[in-house]
Amino acid sequence: MAEHRGPAPLTAEQLQPALPAGALRFSLTDELDAATGWLGQERAVDAIRMAALVPHEDFHVFVLGKPGSGRHAIAQSILEAIARDRPGAGDWVYVNNFEMPHKPVAIRLPAGGACRLRRMMEALVDDLASQIPALFDSDDYQARRRTMEEEFAAEHESGMAAVFEAAREANVAIRRTPAGFSFAGLRDGNVLSQEEFEALTEDERKALEAAIEAIQKQISEVLKSVPKREKRHRRQVEQLNAQLVSRGVEEAIRELQDAFAGEAAVLRYLDAVRSDLIKHAELFLKTGSDESAGPFPGATGRHFEEPQFQRYRVNVMVTNGGGTPGAPVVKEELPTMSNLIGRIEYASEQGALVTDFTMIKPGALHRANGGYLVLDVRQVLSEPLAWDALKRCLRTGLIAIYSPGERLSLVSTVSLEPDPVPLRVRVVLIGERVHYYLLSALDPDFLQLFKLEADFDDHLPLTGADAAEAYARVIAALVQRSGTRPLDRPAVARILRESMRMAGDAQRLSLNFSRLSDLLREAEYWAGDSQTPHIGAEHIEKAVAEKERRAGRVQALGLEAIRHGTVMIDTEGARVGQVNALSVLQIGGHSFGKPSRLTARTRPGAGKLVDIEREAELGGPIHSKGMLILQGYLAATYATRAPLSLWASLVFEQSYGGVEGDSASAAELIALLSALAEVPLDQSFAITGSVNQFGDIQAIGGVNQKIEGFFDLCAARGLTGRQGVLIPAANVRHLMLRQRVADAAAAGRFRIIPMATVSDGIEVLTGLEAGVRGADGAFPEGSLNRLVEDRLRGFARIRKAFAREAGDDAV
């Protein structure tokens with residue numbers, strides 16, 4: 001193998017970029033003022049503030065970003081700070097509709113008014129439960145009632161007496177029987193027997209029968225007038241009761257009317273209560289039963305809890321009195337349809353489901369009315385009908401309570417139709433970017449309702465010492481919240497480098513503070529294990545290493561299979577048409593690099609490039625796209641004067657799962673060129689990178705994991721100093737390698753070499769010059785491109801000769 005050609009290996013400093021000079025000027029994080037703002041999220045914070053303050057009703061906000069970015073905590077904190085200075089929300093109650101009980105009435109009250117109304121209504125019922133029975137027991141009432149009863153009885157008796165007197169004068173006897181009245185003739189004050197009646201003359205019998213018939217009519221008239229008299233008597237009694245009760249009710253209810261003099265809806269309700277109390281005064285004559293009094297009758301005096309007074313209760317839906325000042329901020333963790341818009345509960349009585357206005361329960365929209373409601377969009381979308389119910393409420397500006405069964409017409413149970421509650425709320429939906437983009441594309445209502453988006457950044461540009469110092473203050477705040485030991489300066493520097501690695505860019509810092517907080521707590525454990533007063537860089541390094549070790553079982557098994565030869569990967573020597581490609585596997589939250597052997601075979605053909613992965617339906621569309629780009633490069637580079645007379649096949653050996661992505665397209669191209677030129681490739685290297693049709697090497701993802709995956713294999717077999725990885729030059733800024741790789745590179749035992757073009761990779765792996773066409777249109781003699789082109793021309797001559805011998809149809 002020739003000496004090294006191509007770009008120079010990267011230095012150790014390029015593999016682990018240093019922090020800006022003067023970035024960290026402290027000994028321990030205790031010396032820093034903890035950050036109080038939200039670093040790097042100014043754009044999202046401004047959007048949330050605007051949503052919280054803009055007066056228009058349909059300017060709801062969608063907070064989008066990756067989990068761990070602090071979306072929930074930041075949104076909650078901003079809303080609570082703004083809500084404290086906003087006008088407080090009012091209370092809402094449901095009360096009985098005495099005219100139509102199936103349509104309960106919703107009433108809005110000032111903050112604290114709901115509980116006050118409920119208490120005063122309970123006191124009203126308790127007072128009347130004591131006062132009204134006393135009124136009915138008074139001497140005045142009893143005397144007037146007796147007078148009415150006596151007048152009614154006397155009127156009835158006088159009517160009957162007149163009939164009996166008329167009957168006596170007409171010699172007719174009236175007798176009472178179980179079946180009613182019977183009539184007979186009289187003679188000398190004695191009732192005629194049957195024989196005496198028959199002994200009468202015909203004229204006497206006719207006269208007696210006529211008299212009996214007249215008496216029957218008279219008594220019938222008297223009896224017919226009894227219901228009318230009873231009805232008149234009842235009305236007189238009711239009027240007496242109403243007069244008696246109305247004075248007591250008026251006096252008792254006047255206190256409520258005075259207390260709520262400015263609330264028109266409450267006054268209308270109290271008028272209805274007054275009328276119903278007077279109309280149903282007899283309800284108060286049933287109080288004091290043992291069933292409602294409990295084990296100590298009369299001890300509690302809670303008459304309002306008795307069933308007959310259910311109609312006068314006040315169902316408090318929302319009360320904001322006595323709590324945190326300002327507008328409410330509600331976060332609903334389980335946003336089912338019922339938990340959002342409320343529900344109507346039922347009770348079973350004698351096998352039937354019954355309900356009333358006291359069984360209406362509030363939802364999150366009721367509690368957040370007049371303030372802010374925070375929801376996780378994934379949870380809302382996963383609950384049946386919840387998203388539809390939320391949109392309907394926001395569109396109409398009303399909270400209408402209904403059940404899922406009613407919505408789907410699955411049940412026909414008689415239910416309530418509560419008054420819808422006017423809605424004035426600002427909804428903050430929190431989700432990931434994919435949720436926002438899918439809803440924007442698939443739901444026409446979404447952008448009409450959620451006009452603002454608060455897009456949380458994933459990374460913070462490391463533009464200088466100020467950015468690093470601000471990040472250190474955030475770490476100090478995390479230390480305070482977590483209650484861990486303080487960090488020294490090297491530990492903070494180590495966290496910043498880990499943050500760069502999480503960001504996948506040495507010039508950016510990750511804003512996933514959730515993962516950093518987890519790392520701090522793990523480092524706290526190791527600092528406690530070593531009994532040191534503060535967390536040092538070694539504890540951060542230990543936490544990182546242990547986390548990778550815990551998740552590294554599959555990675556270790558793969559490395560073991562390669563070391564034992566079960567999976568064939570060469571790390572020494574040279575071979576034609578064979579190269580080490582690199583991929584990244586993601587298992588749970590752990591990702592690692594995996595080397596794979598990629599091989600290419602060529603022969604004369606009609607210009608077909610066979611992707612065995614695609615033919616076996618294991619290759620994904622992006623991988624197939626990379627193969628087509630590779631084919632375009634071949635044709636444009638080597639088939640300028642003659643057709644591409646090639647048949648080639650490419651495959652990832654011992655790969656039995658799906659293959660996706662184009663990060664191996666540079667390796668595929670170089671393996672193919674090696675097979676064509678019959679020039680061996682150095683197996684001490686692995687290669688990763690995407691190639692375009694001009695031969696430029698493009699950036700790929702997971703570069704750190706890919707390098708470390710091949711390094712671990714080489715280290716397990718023994719580092720020779722020749723081994724290394726070729727990466728796209730565009731990925732150099734993304735390097736933040738583990739210390740073991742940086743140390744090996746610094747000692748010259750492992751190399752990371754950047755490639756700008758495919759020619760750079762060719763020269764490193766083959767030791768030959770790639771070659772550029774000269775003025776004569778030919779590649780230099782001895783260059784790899786010249787060898788490839790000569791081989792392709794040889795394939796073309798073979799095809800041409802075969803065509804002459806076998807005929808054009810055989811080609």
# chains A, B, ... in the order shown; residues from 1 in each chain; ligands from 1

call {"tool": "residues_around", "arguments": {"residues": "Arg786 of chain A", "least_positions_apart": "2", "cutoff": "12 Å", "atoms": "only C-alpha atoms", "output": "short mmCIF file (atom, residue, chain, number, x, y, z; two decimals) with C-alpha atoms, in the first residue's frame"}}
result
data_model
loop_
_atom_site.label_atom_id
_atom_site.label_comp_id
_atom_site.auth_asym_id
_atom_site.auth_seq_id
_atom_site.Cartn_x
_atom_site.Cartn_y
_atom_site.Cartn_z
CA THR A 637 -17.90 11.05 -15.14
CA TYR A 638 -17.03 7.98 -17.25
CA LEU A 673 -14.73 2.29 -8.35
CA LEU A 676 -13.91 -1.42 -11.60
CA ALA A 677 -10.27 -0.36 -11.30
CA GLU A 678 -9.32 -3.62 -9.53
CA VAL A 679 -7.47 -1.50 -6.97
CA LEU A 768 -3.47 6.51 -5.80
CA GLU A 769 -4.17 9.88 -7.29
CA ALA A 770 -7.83 10.20 -8.26
CA GLY A 771 -7.02 12.15 -11.40
CA VAL A 772 -8.60 15.03 -13.26
CA ARG A 773 -9.23 15.16 -17.00
CA GLY A 774 -6.58 17.10 -18.84
CA GLY A 777 -10.00 15.01 -22.23
CA ALA A 778 -8.16 12.06 -20.69
CA PHE A 779 -7.41 11.21 -17.09
CA PRO A 780 -3.70 11.07 -16.10
CA GLU A 781 -1.96 7.76 -16.67
CA GLY A 782 -1.91 5.63 -13.50
CA SER A 783 -4.68 7.54 -11.79
CA LEU A 784 -7.63 5.63 -10.41
CA VAL A 788 -11.82 2.94 -14.12
CA GLU A 789 -12.38 4.51 -17.51
CA ASP A 790 -10.05 2.00 -19.21
CA ARG A 791 -11.94 -0.88 -17.59
CA LEU A 792 -15.29 0.53 -18.72
CA ARG A 793 -13.98 0.90 -22.28
#

call {"tool": "select_by_dssp", "arguments": {"residues": "segment 407-567 of chain A", "states": "helix (DSSP H, G or I)", "output": "VMD selection string"}}
result
chain A and resid 407 433 to 442 446 to 449 465 to 482 489 to 503 513 to 529 537 to 550 553 to 563

call {"tool": "write_last_selection", "arguments": {"atoms": "C-alpha atoms", "output": "PDB file, in the first residue's frame"}}
result
ATOM      1  CA  ARG A 407     -73.030  13.154  20.875  1.00  0.00           C
ATOM      2  CA  ARG A 433     -43.552  20.094  15.812  1.00  0.00           C
ATOM      3  CA  VAL A 434     -45.023  17.088  14.055  1.00  0.00           C
ATOM      4  CA  HIS A 435     -48.326  17.673  15.866  1.00  0.00           C
ATOM      5  CA  TYR A 436     -48.414  21.313  14.773  1.00  0.00           C
ATOM      6  CA  TYR A 437     -47.645  20.553  11.138  1.00  0.00           C
ATOM      7  CA  LEU A 438     -50.095  17.648  10.924  1.00  0.00           C
ATOM      8  CA  LEU A 439     -52.925  19.639  12.484  1.00  0.00           C
ATOM      9  CA  SER A 440     -52.153  22.571  10.184  1.00  0.00           C
ATOM     10  CA  ALA A 441     -52.376  20.282   7.158  1.00  0.00           C
ATOM     11  CA  LEU A 442     -55.315  18.086   8.171  1.00  0.00           C
ATOM     12  CA  PHE A 446     -56.763  24.569  13.603  1.00  0.00           C
ATOM     13  CA  LEU A 447     -55.054  27.645  12.178  1.00  0.00           C
ATOM     14  CA  GLN A 448     -58.262  29.655  12.546  1.00  0.00           C
ATOM     15  CA  LEU A 449     -58.252  29.027  16.283  1.00  0.00           C
ATOM     16  CA  ALA A 465     -17.798  33.778  26.210  1.00  0.00           C
ATOM     17  CA  ASP A 466     -21.093  35.504  27.037  1.00  0.00           C
ATOM     18  CA  ALA A 467     -23.140  32.548  25.762  1.00  0.00           C
ATOM     19  CA  ALA A 468     -21.031  30.080  27.755  1.00  0.00           C
ATOM     20  CA  GLU A 469     -21.325  32.188  30.899  1.00  0.00           C
ATOM     21  CA  ALA A 470     -25.107  32.470  30.495  1.00  0.00           C
ATOM     22  CA  TYR A 471     -25.276  28.716  30.050  1.00  0.00           C
ATOM     23  CA  ALA A 472     -23.241  28.252  33.221  1.00  0.00           C
ATOM     24  CA  ARG A 473     -25.799  30.340  35.114  1.00  0.00           C
ATOM     25  CA  VAL A 474     -28.533  28.034  33.812  1.00  0.00           C
ATOM     26  CA  ILE A 475     -26.533  25.086  35.133  1.00  0.00           C
ATOM     27  CA  ALA A 476     -26.307  26.867  38.481  1.00  0.00           C
ATOM     28  CA  ALA A 477     -30.103  27.226  38.467  1.00  0.00           C
ATOM     29  CA  LEU A 478     -30.451  23.508  37.700  1.00  0.00           C
ATOM     30  CA  VAL A 479     -28.152  22.744  40.627  1.00  0.00           C
ATOM     31  CA  GLN A 480     -30.319  24.834  42.944  1.00  0.00           C
ATOM     32  CA  ARG A 481     -33.573  23.225  41.766  1.00  0.00           C
ATOM     33  CA  SER A 482     -32.128  19.710  41.931  1.00  0.00           C
ATOM     34  CA  ARG A 489     -15.329  24.928  36.761  1.00  0.00           C
ATOM     35  CA  PRO A 490     -13.967  21.773  35.002  1.00  0.00           C
ATOM     36  CA  ALA A 491     -17.291  20.023  35.687  1.00  0.00           C
ATOM     37  CA  VAL A 492     -19.227  22.865  34.058  1.00  0.00           C
ATOM     38  CA  ALA A 493     -16.830  22.803  31.110  1.00  0.00           C
ATOM     39  CA  ARG A 494     -17.423  19.052  30.794  1.00  0.00           C
ATOM     40  CA  ILE A 495     -21.192  19.608  30.835  1.00  0.00           C
ATOM     41  CA  LEU A 496     -20.877  22.241  28.135  1.00  0.00           C
ATOM     42  CA  ARG A 497     -18.984  19.773  25.939  1.00  0.00           C
ATOM     43  CA  GLU A 498     -21.651  17.146  26.610  1.00  0.00           C
ATOM     44  CA  SER A 499     -24.266  19.735  25.685  1.00  0.00           C
ATOM     45  CA  MET A 500     -22.452  20.341  22.389  1.00  0.00           C
ATOM     46  CA  ARG A 501     -22.525  16.619  21.711  1.00  0.00           C
ATOM     47  CA  MET A 502     -26.251  16.493  22.500  1.00  0.00           C
ATOM     48  CA  ALA A 503     -26.740  19.364  20.055  1.00  0.00           C
ATOM     49  CA  PHE A 513     -32.260  20.950  30.136  1.00  0.00           C
ATOM     50  CA  SER A 514     -34.239  17.905  31.194  1.00  0.00           C
ATOM     51  CA  ARG A 515     -31.421  15.612  30.047  1.00  0.00           C
ATOM     52  CA  LEU A 516     -28.818  17.875  31.612  1.00  0.00           C
ATOM     53  CA  SER A 517     -30.721  17.826  34.895  1.00  0.00           C
ATOM     54  CA  ASP A 518     -30.745  14.029  34.797  1.00  0.00           C
ATOM     55  CA  LEU A 519     -26.994  14.068  34.163  1.00  0.00           C
ATOM     56  CA  LEU A 520     -26.459  16.352  37.150  1.00  0.00           C
ATOM     57  CA  ARG A 521     -28.399  14.069  39.467  1.00  0.00           C
ATOM     58  CA  GLU A 522     -26.424  11.042  38.286  1.00  0.00           C
ATOM     59  CA  ALA A 523     -23.167  12.942  38.817  1.00  0.00           C
ATOM     60  CA  GLU A 524     -24.422  13.856  42.300  1.00  0.00           C
ATOM     61  CA  TYR A 525     -24.689  10.138  43.036  1.00  0.00           C
ATOM     62  CA  TRP A 526     -21.091   9.492  42.017  1.00  0.00           C
ATOM     63  CA  ALA A 527     -19.851  12.549  43.920  1.00  0.00           C
ATOM     64  CA  GLY A 528     -21.633  11.216  46.994  1.00  0.00           C
ATOM     65  CA  ASP A 529     -20.113   7.806  46.390  1.00  0.00           C
ATOM     66  CA  ALA A 537     -15.401  16.725  35.835  1.00  0.00           C
ATOM     67  CA  GLU A 538     -14.573  13.116  36.768  1.00  0.00           C
ATOM     68  CA  HIS A 539     -18.069  12.676  38.216  1.00  0.00           C
ATOM     69  CA  ILE A 540     -19.689  14.023  35.046  1.00  0.00           C
ATOM     70  CA  GLU A 541     -17.471  11.703  33.000  1.00  0.00           C
ATOM     71  CA  LYS A 542     -18.396   8.791  35.255  1.00  0.00           C
ATOM     72  CA  ALA A 543     -22.124   9.551  34.896  1.00  0.00           C
ATOM     73  CA  VAL A 544     -21.831   9.678  31.096  1.00  0.00           C
ATOM     74  CA  ALA A 545     -19.824   6.467  30.937  1.00  0.00           C
ATOM     75  CA  GLU A 546     -22.140   4.585  33.282  1.00  0.00           C
ATOM     76  CA  LYS A 547     -25.195   5.687  31.345  1.00  0.00           C
ATOM     77  CA  GLU A 548     -23.661   4.345  28.132  1.00  0.00           C
ATOM     78  CA  ARG A 549     -22.611   1.142  29.888  1.00  0.00           C
ATOM     79  CA  ARG A 550     -26.133   0.530  31.203  1.00  0.00           C
ATOM     80  CA  ARG A 553     -25.701  -4.503  26.041  1.00  0.00           C
ATOM     81  CA  VAL A 554     -26.729  -4.695  22.374  1.00  0.00           C
ATOM     82  CA  GLN A 555     -23.700  -2.670  21.321  1.00  0.00           C
ATOM     83  CA  ALA A 556     -21.395  -5.015  23.266  1.00  0.00           C
ATOM     84  CA  LEU A 557     -23.007  -8.083  21.682  1.00  0.00           C
ATOM     85  CA  GLY A 558     -22.476  -6.627  18.209  1.00  0.00           C
ATOM     86  CA  LEU A 559     -18.821  -5.858  18.947  1.00  0.00           C
ATOM     87  CA  GLU A 560     -18.327  -9.344  20.327  1.00  0.00           C
ATOM     88  CA  ALA A 561     -19.811 -10.893  17.175  1.00  0.00           C
ATOM     89  CA  ILE A 562     -17.332  -8.934  15.043  1.00  0.00           C
ATOM     90  CA  ARG A 563     -14.349  -9.880  17.227  1.00  0.00           C
TER      91      ARG A 563
END

call {"tool": "residues_around", "arguments": {"residues": "Gln631 of chain A", "least_positions_apart": "3", "cutoff": "9 Å", "atoms": "only C-alpha atoms", "output": "ChimeraX atom specification"}}
result
/A:608-609,626-628,634-636,669,693

call {"tool": "write_last_selection", "arguments": {"atoms": "N, CA, C and O atoms", "output": "tab-separated table (two decimals), in the first residue's frame"}}
result
chain	number	residue	atom	x	y	z
A	608	LYS	N	-26.43	-1.38	-16.10
A	608	LYS	CA	-27.34	-1.56	-14.98
A	608	LYS	C	-26.56	-1.64	-13.67
A	608	LYS	O	-25.58	-2.38	-13.56
A	609	LEU	N	-27.05	-0.87	-12.69
A	609	LEU	CA	-26.46	-0.88	-11.35
A	609	LEU	C	-27.49	-1.51	-10.41
A	609	LEU	O	-28.55	-0.93	-10.18
A	626	GLY	N	-30.01	7.55	-3.07
A	626	GLY	CA	-28.56	7.63	-3.07
A	626	GLY	C	-27.94	6.77	-4.15
A	626	GLY	O	-26.95	7.17	-4.79
A	627	MET	N	-28.51	5.60	-4.39
A	627	MET	CA	-27.99	4.72	-5.44
A	627	MET	C	-28.20	5.33	-6.82
A	627	MET	O	-27.33	5.22	-7.71
A	628	LEU	N	-29.32	5.98	-7.03
A	628	LEU	CA	-29.57	6.62	-8.33
A	628	LEU	C	-28.64	7.81	-8.54
A	628	LEU	O	-28.18	8.06	-9.67
A	634	LEU	N	-21.58	8.20	-12.02
A	634	LEU	CA	-20.82	7.31	-12.90
A	634	LEU	C	-21.00	7.67	-14.36
A	634	LEU	O	-20.03	7.75	-15.14
A	635	ALA	N	-22.26	7.86	-14.74
A	635	ALA	CA	-22.53	8.14	-16.14
A	635	ALA	C	-21.91	9.47	-16.57
A	635	ALA	O	-21.33	9.58	-17.66
A	636	ALA	N	-22.04	10.51	-15.71
A	636	ALA	CA	-21.52	11.81	-16.08
A	636	ALA	C	-20.00	11.85	-16.08
A	636	ALA	O	-19.39	12.62	-16.83
A	669	LEU	N	-19.91	4.22	-3.69
A	669	LEU	CA	-19.25	4.69	-4.90
A	669	LEU	C	-17.79	4.27	-4.91
A	669	LEU	O	-17.28	3.77	-5.95
A	693	GLN	N	-24.19	14.24	-7.37
A	693	GLN	CA	-23.85	13.83	-8.74
A	693	GLN	C	-22.56	14.46	-9.25
A	693	GLN	O	-22.03	14.04	-10.28

call {"tool": "residues_around", "arguments": {"residues": "segment 717-729 of chain A", "least_positions_apart": "6", "cutoff": "6 Å", "atoms": "only C-alpha atoms", "output": "ChimeraX atom specification"}}
result
/A:684-689,697,699,749-756

call {"tool": "residues_around", "arguments": {"residues": "Asp258 of chain A", "least_positions_apart": "6", "cutoff": "12 Å", "atoms": "only C-alpha atoms", "output": "PyMOL selection string"}}
result
chain A and resi 117+120+250-252+264+266-267+270

call {"tool": "residues_around", "arguments": {"residues": "Met359 of chain A", "least_positions_apart": "4", "cutoff": "10 Å", "atoms": "only C-alpha atoms", "output": "PyMOL selection string"}}
result
chain A and resi 94+315+343-347+354-355+416

call {"tool": "write_last_selection", "arguments": {"atoms": "N, CA, C and O atoms", "output": "PDB file, in the first residue's frame"}}
result
ATOM      1  N   TYR A  94     -75.031  26.703  39.013  1.00  0.00           N
ATOM      2  CA  TYR A  94     -76.266  26.247  38.376  1.00  0.00           C
ATOM      3  C   TYR A  94     -77.345  26.180  39.445  1.00  0.00           C
ATOM      4  O   TYR A  94     -77.103  25.701  40.566  1.00  0.00           O
ATOM      5  N   ASN A 315     -75.787  24.830  43.090  1.00  0.00           N
ATOM      6  CA  ASN A 315     -74.676  23.990  42.641  1.00  0.00           C
ATOM      7  C   ASN A 315     -73.529  24.899  42.205  1.00  0.00           C
ATOM      8  O   ASN A 315     -73.574  25.510  41.136  1.00  0.00           O
ATOM      9  N   ARG A 343     -69.671  17.404  33.004  1.00  0.00           N
ATOM     10  CA  ARG A 343     -70.491  16.212  32.813  1.00  0.00           C
ATOM     11  C   ARG A 343     -71.730  16.288  33.701  1.00  0.00           C
ATOM     12  O   ARG A 343     -71.788  17.079  34.639  1.00  0.00           O
ATOM     13  N   ILE A 344     -72.691  15.449  33.366  1.00  0.00           N
ATOM     14  CA  ILE A 344     -73.906  15.301  34.172  1.00  0.00           C
ATOM     15  C   ILE A 344     -73.892  13.897  34.760  1.00  0.00           C
ATOM     16  O   ILE A 344     -73.866  12.910  34.012  1.00  0.00           O
ATOM     17  N   GLU A 345     -73.875  13.808  36.072  1.00  0.00           N
ATOM     18  CA  GLU A 345     -73.848  12.506  36.724  1.00  0.00           C
ATOM     19  C   GLU A 345     -75.265  12.003  36.964  1.00  0.00           C
ATOM     20  O   GLU A 345     -76.237  12.768  36.945  1.00  0.00           O
ATOM     21  N   TYR A 346     -75.364  10.691  37.198  1.00  0.00           N
ATOM     22  CA  TYR A 346     -76.656  10.054  37.417  1.00  0.00           C
ATOM     23  C   TYR A 346     -76.583   9.213  38.682  1.00  0.00           C
ATOM     24  O   TYR A 346     -75.515   8.738  39.076  1.00  0.00           O
ATOM     25  N   ALA A 347     -77.750   9.032  39.297  1.00  0.00           N
ATOM     26  CA  ALA A 347     -77.871   8.153  40.450  1.00  0.00           C
ATOM     27  C   ALA A 347     -78.951   7.115  40.138  1.00  0.00           C
ATOM     28  O   ALA A 347     -79.897   7.379  39.386  1.00  0.00           O
ATOM     29  N   VAL A 354     -81.534   8.590  37.520  1.00  0.00           N
ATOM     30  CA  VAL A 354     -82.131   9.912  37.699  1.00  0.00           C
ATOM     31  C   VAL A 354     -81.019  10.934  37.887  1.00  0.00           C
ATOM     32  O   VAL A 354     -79.894  10.597  38.281  1.00  0.00           O
ATOM     33  N   THR A 355     -81.341  12.174  37.606  1.00  0.00           N
ATOM     34  CA  THR A 355     -80.366  13.248  37.767  1.00  0.00           C
ATOM     35  C   THR A 355     -81.109  14.551  38.012  1.00  0.00           C
ATOM     36  O   THR A 355     -82.323  14.642  37.826  1.00  0.00           O
ATOM     37  N   LEU A 416     -80.510  16.296  31.280  1.00  0.00           N
ATOM     38  CA  LEU A 416     -80.685  17.725  31.465  1.00  0.00           C
ATOM     39  C   LEU A 416     -80.137  18.483  30.261  1.00  0.00           C
ATOM     40  O   LEU A 416     -79.305  17.972  29.509  1.00  0.00           O
TER      41      LEU A 416
END

call {"tool": "residues_around", "arguments": {"residues": "Asp419 of chain A", "least_positions_apart": "2", "cutoff": "7 Å", "atoms": "only C-alpha atoms", "output": "PyMOL selection string"}}
result
chain A and resi 103-106+417+421

call {"tool": "write_last_selection", "arguments": {"atoms": "all heavy atoms", "output": "PDB file, in the first residue's frame"}}
result
ATOM      1  N   LYS A 103     -83.977  22.175  32.375  1.00  0.00           N
ATOM      2  CA  LYS A 103     -83.102  23.202  31.827  1.00  0.00           C
ATOM      3  C   LYS A 103     -82.568  24.076  32.962  1.00  0.00           C
ATOM      4  O   LYS A 103     -83.049  25.206  33.170  1.00  0.00           O
ATOM      5  CB  LYS A 103     -83.827  24.062  30.797  1.00  0.00           C
ATOM      6  CG  LYS A 103     -84.180  23.320  29.518  1.00  0.00           C
ATOM      7  CD  LYS A 103     -84.749  24.267  28.471  1.00  0.00           C
ATOM      8  CE  LYS A 103     -84.967  23.530  27.160  1.00  0.00           C
ATOM      9  NZ  LYS A 103     -85.484  24.434  26.109  1.00  0.00           N
ATOM     10  N   PRO A 104     -81.579  23.582  33.728  1.00  0.00           N
ATOM     11  CA  PRO A 104     -81.018  24.376  34.829  1.00  0.00           C
ATOM     12  C   PRO A 104     -80.466  25.714  34.334  1.00  0.00           C
ATOM     13  O   PRO A 104     -80.012  25.843  33.193  1.00  0.00           O
ATOM     14  CB  PRO A 104     -79.912  23.482  35.388  1.00  0.00           C
ATOM     15  CG  PRO A 104     -80.286  22.104  34.955  1.00  0.00           C
ATOM     16  CD  PRO A 104     -80.964  22.258  33.632  1.00  0.00           C
ATOM     17  N   VAL A 105     -80.494  26.678  35.214  1.00  0.00           N
ATOM     18  CA  VAL A 105     -80.091  28.043  34.874  1.00  0.00           C
ATOM     19  C   VAL A 105     -78.666  28.290  35.368  1.00  0.00           C
ATOM     20  O   VAL A 105     -78.336  27.986  36.520  1.00  0.00           O
ATOM     21  CB  VAL A 105     -81.055  29.066  35.509  1.00  0.00           C
ATOM     22  CG1 VAL A 105     -80.600  30.487  35.201  1.00  0.00           C
ATOM     23  CG2 VAL A 105     -82.480  28.830  35.006  1.00  0.00           C
ATOM     24  N   ALA A 106     -77.820  28.824  34.481  1.00  0.00           N
ATOM     25  CA  ALA A 106     -76.449  29.198  34.845  1.00  0.00           C
ATOM     26  C   ALA A 106     -76.421  30.671  35.227  1.00  0.00           C
ATOM     27  O   ALA A 106     -76.994  31.511  34.529  1.00  0.00           O
ATOM     28  CB  ALA A 106     -75.497  28.940  33.692  1.00  0.00           C
ATOM     29  N   GLU A 417     -80.599  19.705  30.111  1.00  0.00           N
ATOM     30  CA  GLU A 417     -80.080  20.614  29.095  1.00  0.00           C
ATOM     31  C   GLU A 417     -79.654  21.902  29.798  1.00  0.00           C
ATOM     32  O   GLU A 417     -80.341  22.918  29.752  1.00  0.00           O
ATOM     33  CB  GLU A 417     -81.137  20.915  28.037  1.00  0.00           C
ATOM     34  CG  GLU A 417     -81.599  19.697  27.267  1.00  0.00           C
ATOM     35  CD  GLU A 417     -82.710  20.026  26.280  1.00  0.00           C
ATOM     36  OE1 GLU A 417     -82.822  21.220  25.898  1.00  0.00           O
ATOM     37  OE2 GLU A 417     -83.455  19.119  25.901  1.00  0.00           O
ATOM     38  N   VAL A 421     -72.573  28.001  29.255  1.00  0.00           N
ATOM     39  CA  VAL A 421     -71.856  29.064  29.972  1.00  0.00           C
ATOM     40  C   VAL A 421     -71.003  29.844  28.978  1.00  0.00           C
ATOM     41  O   VAL A 421     -70.219  29.237  28.230  1.00  0.00           O
ATOM     42  CB  VAL A 421     -70.969  28.462  31.086  1.00  0.00           C
ATOM     43  CG1 VAL A 421     -70.085  29.527  31.707  1.00  0.00           C
ATOM     44  CG2 VAL A 421     -71.830  27.791  32.139  1.00  0.00           C
TER      45      VAL A 421
END

call {"tool": "atom_distance", "arguments": {"atom1": "atom CA of Thr147 of chain A", "atom2": "atom CA of Lys228 of chain A"}}
result
18.5 Å

call {"tool": "atom_distance", "arguments": {"atom1": "atom CA of Ala265 of chain A", "atom2": "atom CA of Ala89 of chain A"}}
result
17.3 Å

call {"tool": "select_by_dssp", "arguments": {"residues": "segment 337-455 of chain A", "states": "strand (DSSP E or B)", "output": "number ranges by chain"}}
result
A: 343-344, 347-349, 352-354, 360-361, 372-376, 398-399, 421-422, 426-431, 450, 452-455
